[in-house]
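J.: Sharing my_file_17.pdb below, PDB, C-alpha atoms, pLDDT in the B column:
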ATOM      1  CA  MET A   1       0.000   0.000   0.000  1.00 97.00           C
ATOM      2  CA  HIS A   2       1.239   3.469  -0.880  1.00 98.00           C
ATOM      3  CA  ILE A   3       1.256   6.139   1.812  1.00 98.00           C
ATOM      4  CA  ILE A   4       1.753   9.861   2.211  1.00 98.00           C
ATOM      5  CA  VAL A   5       3.653  10.703   5.387  1.00 98.00           C
ATOM      6  CA  LEU A   6       3.260  14.166   6.892  1.00 98.00           C
ATOM      7  CA  ILE A   7       6.141  15.411   9.030  1.00 98.00           C
ATOM      8  CA  THR A   8       6.553  18.884  10.486  1.00 98.00           C
ATOM      9  CA  ALA A   9      10.065  20.144  11.189  1.00 98.00           C
ATOM     10  CA  ALA A  10      11.338  23.133  13.154  1.00 97.00           C
ATOM     11  CA  ASN A  11      12.867  24.791  10.096  1.00 97.00           C
ATOM     12  CA  LYS A  12      13.924  24.322   6.468  1.00 97.00           C
ATOM     13  CA  LYS A  13      17.432  23.123   7.359  1.00 98.00           C
ATOM     14  CA  GLU A  14      16.088  20.335   9.579  1.00 98.00           C
ATOM     15  CA  ALA A  15      13.487  19.400   6.947  1.00 98.00           C
ATOM     16  CA  GLU A  16      16.127  19.147   4.218  1.00 98.00           C
ATOM     17  CA  LYS A  17      18.351  16.972   6.428  1.00 98.00           C
ATOM     18  CA  ILE A  18      15.462  14.593   7.111  1.00 98.00           C
ATOM     19  CA  ALA A  19      14.316  14.542   3.470  1.00 98.00           C
ATOM     20  CA  LYS A  20      17.795  13.886   2.093  1.00 98.00           C
ATOM     21  CA  LYS A  21      18.291  10.880   4.372  1.00 98.00           C
ATOM     22  CA  LEU A  22      14.861   9.419   3.535  1.00 98.00           C
ATOM     23  CA  ILE A  23      15.667   9.664  -0.182  1.00 98.00           C
ATOM     24  CA  GLN A  24      19.228   8.330   0.177  1.00 98.00           C
ATOM     25  CA  ASP A  25      18.023   5.320   2.168  1.00 98.00           C
ATOM     26  CA  LYS A  26      15.222   4.620  -0.350  1.00 98.00           C
ATOM     27  CA  LEU A  27      12.568   5.078   2.312  1.00 98.00           C
ATOM     28  CA  ALA A  28      10.868   7.698   0.141  1.00 98.00           C
ATOM     29  CA  ALA A  29      10.547   8.202  -3.584  1.00 98.00           C
ATOM     30  CA  CYS A  30       9.868  11.926  -3.226  1.00 98.00           C
ATOM     31  CA  VAL A  31       9.706  14.473  -0.419  1.00 98.00           C
ATOM     32  CA  ASN A  32       8.078  17.863  -0.897  1.00 98.00           C
ATOM     33  CA  ILE A  33       9.274  20.566   1.500  1.00 98.00           C
ATOM     34  CA  VAL A  34       6.789  23.341   2.190  1.00 98.00           C
ATOM     35  CA  SER A  35       8.068  26.336   4.159  1.00 96.00           C
ATOM     36  CA  GLY A  36       6.014  28.920   6.011  1.00 95.00           C
ATOM     37  CA  ILE A  37       3.623  26.649   7.866  1.00 96.00           C
ATOM     38  CA  LYS A  38       2.023  28.266  10.913  1.00 97.00           C
ATOM     39  CA  SER A  39       0.960  25.684  13.488  1.00 96.00           C
ATOM     40  CA  LEU A  40      -1.253  25.990  16.560  1.00 96.00           C
ATOM     41  CA  PHE A  41      -1.264  22.995  18.904  1.00 95.00           C
ATOM     42  CA  TRP A  42      -1.638  21.735  22.449  1.00 95.00           C
ATOM     43  CA  TRP A  43       1.716  21.264  24.197  1.00 93.00           C
ATOM     44  CA  GLN A  44       2.287  20.693  27.899  1.00 94.00           C
ATOM     45  CA  GLY A  45      -1.234  21.732  28.866  1.00 96.00           C
ATOM     46  CA  LYS A  46      -1.455  24.962  26.896  1.00 97.00           C
ATOM     47  CA  VAL A  47      -2.004  26.199  23.363  1.00 97.00           C
ATOM     48  CA  ASP A  48       1.310  26.872  21.645  1.00 96.00           C
ATOM     49  CA  ARG A  49       2.248  28.097  18.197  1.00 96.00           C
ATOM     50  CA  ALA A  50       5.252  27.714  15.909  1.00 96.00           C
ATOM     51  CA  LYS A  51       6.483  28.451  12.425  1.00 97.00           C
ATOM     52  CA  GLU A  52       7.317  25.087  10.888  1.00 98.00           C
ATOM     53  CA  THR A  53       8.276  23.398   7.648  1.00 98.00           C
ATOM     54  CA  LEU A  54       6.123  20.555   6.323  1.00 98.00           C
ATOM     55  CA  LEU A  55       7.499  17.453   4.630  1.00 98.00           C
ATOM     56  CA  ILE A  56       5.155  15.491   2.364  1.00 98.00           C
ATOM     57  CA  VAL A  57       6.703  12.055   1.876  1.00 98.00           C
ATOM     58  CA  LYS A  58       5.672   9.539  -0.806  1.00 98.00           C
ATOM     59  CA  SER A  59       6.386   5.961   0.207  1.00 98.00           C
ATOM     60  CA  ARG A  60       4.926   2.542   1.033  1.00 98.00           C
ATOM     61  CA  LYS A  61       3.374   1.267   4.250  1.00 98.00           C
ATOM     62  CA  GLU A  62       6.067  -1.364   4.796  1.00 98.00           C
ATOM     63  CA  LYS A  63       8.680   1.448   4.983  1.00 98.00           C
ATOM     64  CA  PHE A  64       6.837   3.387   7.707  1.00 98.00           C
ATOM     65  CA  ALA A  65       8.632   1.937  10.770  1.00 98.00           C
ATOM     66  CA  LYS A  66      12.012   2.731   9.215  1.00 98.00           C
ATOM     67  CA  ILE A  67      10.816   6.226   8.288  1.00 98.00           C
ATOM     68  CA  VAL A  68       9.856   6.842  11.924  1.00 98.00           C
ATOM     69  CA  LYS A  69      13.226   5.597  13.159  1.00 98.00           C
ATOM     70  CA  SER A  70      15.118   7.740  10.643  1.00 98.00           C
ATOM     71  CA  VAL A  71      13.116  10.875  11.433  1.00 98.00           C
ATOM     72  CA  LYS A  72      13.415  10.474  15.206  1.00 97.00           C
ATOM     73  CA  THR A  73      17.230  10.364  15.025  1.00 96.00           C
ATOM     74  CA  ARG A  74      17.383  13.639  13.039  1.00 97.00           C
ATOM     75  CA  HIS A  75      14.486  15.606  14.528  1.00 97.00           C
ATOM     76  CA  SER A  76      14.763  18.283  17.201  1.00 96.00           C
ATOM     77  CA  TYR A  77      11.273  17.738  18.683  1.00 96.00           C
ATOM     78  CA  THR A  78      10.579  15.446  21.627  1.00 93.00           C
ATOM     79  CA  VAL A  79       7.366  14.279  19.926  1.00 95.00           C
ATOM     80  CA  PRO A  80       7.642  14.902  16.181  1.00 96.00           C
ATOM     81  CA  GLU A  81       4.588  14.694  13.942  1.00 97.00           C
ATOM     82  CA  ILE A  82       4.971  11.616  11.752  1.00 98.00           C
ATOM     83  CA  ILE A  83       1.559  10.659  10.365  1.00 98.00           C
ATOM     84  CA  ALA A  84       0.899   8.229   7.506  1.00 98.00           C
ATOM     85  CA  VAL A  85      -2.179   8.549   5.322  1.00 98.00           C
ATOM     86  CA  PRO A  86      -3.103   5.724   2.924  1.00 98.00           C
ATOM     87  CA  VAL A  87      -3.245   6.463  -0.783  1.00 98.00           C
ATOM     88  CA  THR A  88      -6.576   5.015  -1.864  1.00 97.00           C
ATOM     89  CA  SER A  89      -6.020   5.690  -5.569  1.00 97.00           C
ATOM     90  CA  GLY A  90      -3.546   7.417  -7.839  1.00 97.00           C
ATOM     91  CA  PHE A  91      -2.161   7.707 -11.347  1.00 98.00           C
ATOM     92  CA  LYS A  92      -0.842   4.179 -11.929  1.00 98.00           C
ATOM     93  CA  PRO A  93       2.406   5.240 -13.668  1.00 98.00           C
ATOM     94  CA  TYR A  94       3.200   7.532 -10.714  1.00 98.00           C
ATOM     95  CA  LEU A  95       2.509   4.784  -8.165  1.00 98.00           C
ATOM     96  CA  LYS A  96       4.726   2.435 -10.187  1.00 98.00           C
ATOM     97  CA  TRP A  97       7.448   5.091 -10.149  1.00 98.00           C
ATOM     98  CA  ILE A  98       7.254   5.168  -6.325  1.00 98.00           C
ATOM     99  CA  ASP A  99       7.639   1.382  -6.240  1.00 98.00           C
ATOM    100  CA  ASP A 100      10.530   1.417  -8.694  1.00 98.00           C
ATOM    101  CA  SER A 101      12.270   4.251  -6.825  1.00 97.00           C
ATOM    102  CA  ILE A 102      12.278   2.667  -3.368  1.00 97.00           C
ATOM    103  CA  GLY A 103      12.349  -0.990  -4.315  1.00 89.00           C
TER     104      GLY A 103
END
Kindly transcribe the structure held in the file into structure tokens.
T.:
Amino acid sequence: MHIIVLITAANKKEAEKIAKKLIQDKLAACVNIVSGIKSLFWWQGKVDRAKETLLIVKSRKEKFAKIVKSVKTRHSYTVPEIIAVPVTSGFKPYLKWIDDSIG
């Protein structure tokens, strides 16, 4: 099953470090990096806010555990957002490209 993994990072530099490693290790076929995300969230009993960078990772479900491990070792947050969403359909040649890219 193909998945999209959403990961927020503290800044662009951290996001690029995470993305590069996911690509190098063939855990992701593609990672989009979106700067300028404004996040509001509950943290330690109060509403907090942060400017973040979003990673949109294209991969497969069987790679998810390794993605989590890789992200945790490079991420500055105590509890990083690493959420997988199933791809229920997609352009077949693109999905094949994901498979071919990550093996």
J.: Expressed in Å to a single decimal, how great is the separation between atom CA of A:Ala28 and atom CA of A:Ser59?
T.: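 Separating atom CA of A:Ala28 from atom CA of A:Ser59 is a distance of 4.8 Å.
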J.: Quick one: everything within 8 Å of A:Ile82, counting only C-alpha atoms, minus sequence neighbours fewer than 2 positions away in the same chain. Send it as a VMD selection string.
T.: chain A and resid 5 to 8 68 80 84
J.: Give as an MDAnalysis selection string each residue that has an atom at most 12 Å from (17.1, 14.3, 13.4) in the file, counting all atoms listed in the file.
T.: chainID A and resid 7:11 13:22 67:80
J.: For A:Val34, work out the shell of residues within 10 Å, counting only C-alpha atoms and skipping chain neighbours fewer than 6 positions away, then give it as a VMD selection string.
T.: chain A and resid 8 12 15 52 to 56
J.: Ranking A:Trp43, A:Arg60, A:Lys38, A:Ile4 by minimum distance to A:Asp99 and counting all atoms listed in the file, which one comes first?
T.: A:Arg60
J.: Just give me the gap between atom CA of A:Ser35 and atom CA of A:Glu81 in Å, one decimal is fine.
T.: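 Computed distance, atom CA of A:Ser35 to atom CA of A:Glu81, equals 15.6 Å.
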J.: In terms of the shortest atom-to-atom distance over only C-alpha atoms, which of A:Ile83, A:Gly103, A:Val47, A:Lys58 is closest to A:Ala29?
T.: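 For A:Ala29, the nearest of the candidates is A:Lys58.
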J.: To one decimal place, how far is atom CA of A:Glu62 from atom CA of A:Leu95 in Å?
T.: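 Distance reported for this atom pair: 14.8 Å.
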J.: Considering all atoms listed in the file, can you say which of A:Lys46, A:Lys61, A:Lys51, A:Lys66 comes closest to A:Ile3?
T.: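 Distance minimum relative to A:Ile3 lands on A:Lys61.
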J.: As a PDB file, in the coordinates of the input, please: stretch 25-42 of chain A completed to N, CA and C atoms.
T.:
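rebuild-v6.pdb written:
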ATOM      1  N   ASP A  25      18.242   6.668   1.646  1.00 98.00           N
ATOM      2  CA  ASP A  25      18.023   5.320   2.168  1.00 98.00           C
ATOM      3  C   ASP A  25      16.873   4.589   1.479  1.00 98.00           C
ATOM      4  N   LYS A  26      16.322   5.196   0.426  1.00 98.00           N
ATOM      5  CA  LYS A  26      15.222   4.620  -0.350  1.00 98.00           C
ATOM      6  C   LYS A  26      14.005   4.305   0.515  1.00 98.00           C
ATOM      7  N   LEU A  27      13.777   5.179   1.497  1.00 98.00           N
ATOM      8  CA  LEU A  27      12.568   5.078   2.312  1.00 98.00           C
ATOM      9  C   LEU A  27      11.455   5.931   1.716  1.00 98.00           C
ATOM     10  N   ALA A  28      11.827   6.825   0.818  1.00 98.00           N
ATOM     11  CA  ALA A  28      10.868   7.698   0.141  1.00 98.00           C
ATOM     12  C   ALA A  28      11.282   7.861  -1.309  1.00 98.00           C
ATOM     13  N   ALA A  29      10.280   7.941  -2.169  1.00 98.00           N
ATOM     14  CA  ALA A  29      10.547   8.202  -3.584  1.00 98.00           C
ATOM     15  C   ALA A  29      10.654   9.699  -3.839  1.00 98.00           C
ATOM     16  N   CYS A  30       9.923  10.479  -3.055  1.00 98.00           N
ATOM     17  CA  CYS A  30       9.868  11.926  -3.226  1.00 98.00           C
ATOM     18  C   CYS A  30       9.494  12.550  -1.894  1.00 98.00           C
ATOM     19  N   VAL A  31      10.089  13.703  -1.601  1.00 98.00           N
ATOM     20  CA  VAL A  31       9.706  14.473  -0.419  1.00 98.00           C
ATOM     21  C   VAL A  31       9.522  15.928  -0.853  1.00 98.00           C
ATOM     22  N   ASN A  32       8.321  16.442  -0.677  1.00 98.00           N
ATOM     23  CA  ASN A  32       8.078  17.863  -0.897  1.00 98.00           C
ATOM     24  C   ASN A  32       8.340  18.586   0.410  1.00 98.00           C
ATOM     25  N   ILE A  33       8.993  19.756   0.324  1.00 98.00           N
ATOM     26  CA  ILE A  33       9.274  20.566   1.500  1.00 98.00           C
ATOM     27  C   ILE A  33       8.535  21.885   1.331  1.00 98.00           C
ATOM     28  N   VAL A  34       7.629  22.160   2.263  1.00 98.00           N
ATOM     29  CA  VAL A  34       6.789  23.341   2.190  1.00 98.00           C
ATOM     30  C   VAL A  34       7.114  24.246   3.376  1.00 98.00           C
ATOM     31  N   SER A  35       7.704  25.388   3.097  1.00 96.00           N
ATOM     32  CA  SER A  35       8.068  26.336   4.159  1.00 96.00           C
ATOM     33  C   SER A  35       6.888  27.236   4.500  1.00 96.00           C
ATOM     34  N   GLY A  36       6.996  27.911   5.636  1.00 95.00           N
ATOM     35  CA  GLY A  36       6.014  28.920   6.011  1.00 95.00           C
ATOM     36  C   GLY A  36       4.744  28.393   6.637  1.00 95.00           C
ATOM     37  N   ILE A  37       4.787  27.215   7.208  1.00 96.00           N
ATOM     38  CA  ILE A  37       3.623  26.649   7.866  1.00 96.00           C
ATOM     39  C   ILE A  37       3.492  27.295   9.250  1.00 96.00           C
ATOM     40  N   LYS A  38       2.288  27.734   9.583  1.00 97.00           N
ATOM     41  CA  LYS A  38       2.023  28.266  10.913  1.00 97.00           C
ATOM     42  C   LYS A  38       1.169  27.240  11.645  1.00 97.00           C
ATOM     43  N   SER A  39       1.654  26.736  12.749  1.00 96.00           N
ATOM     44  CA  SER A  39       0.960  25.684  13.488  1.00 96.00           C
ATOM     45  C   SER A  39       0.502  26.175  14.852  1.00 96.00           C
ATOM     46  N   LEU A  40      -0.711  25.792  15.211  1.00 96.00           N
ATOM     47  CA  LEU A  40      -1.253  25.990  16.560  1.00 96.00           C
ATOM     48  C   LEU A  40      -1.538  24.601  17.111  1.00 96.00           C
ATOM     49  N   PHE A  41      -1.138  24.351  18.364  1.00 95.00           N
ATOM     50  CA  PHE A  41      -1.264  22.995  18.904  1.00 95.00           C
ATOM     51  C   PHE A  41      -1.235  23.015  20.426  1.00 95.00           C
ATOM     52  N   TRP A  42      -1.737  21.928  21.004  1.00 95.00           N
ATOM     53  CA  TRP A  42      -1.638  21.735  22.449  1.00 95.00           C
ATOM     54  C   TRP A  42      -0.253  21.181  22.772  1.00 95.00           C
TER      55      TRP A  42
END
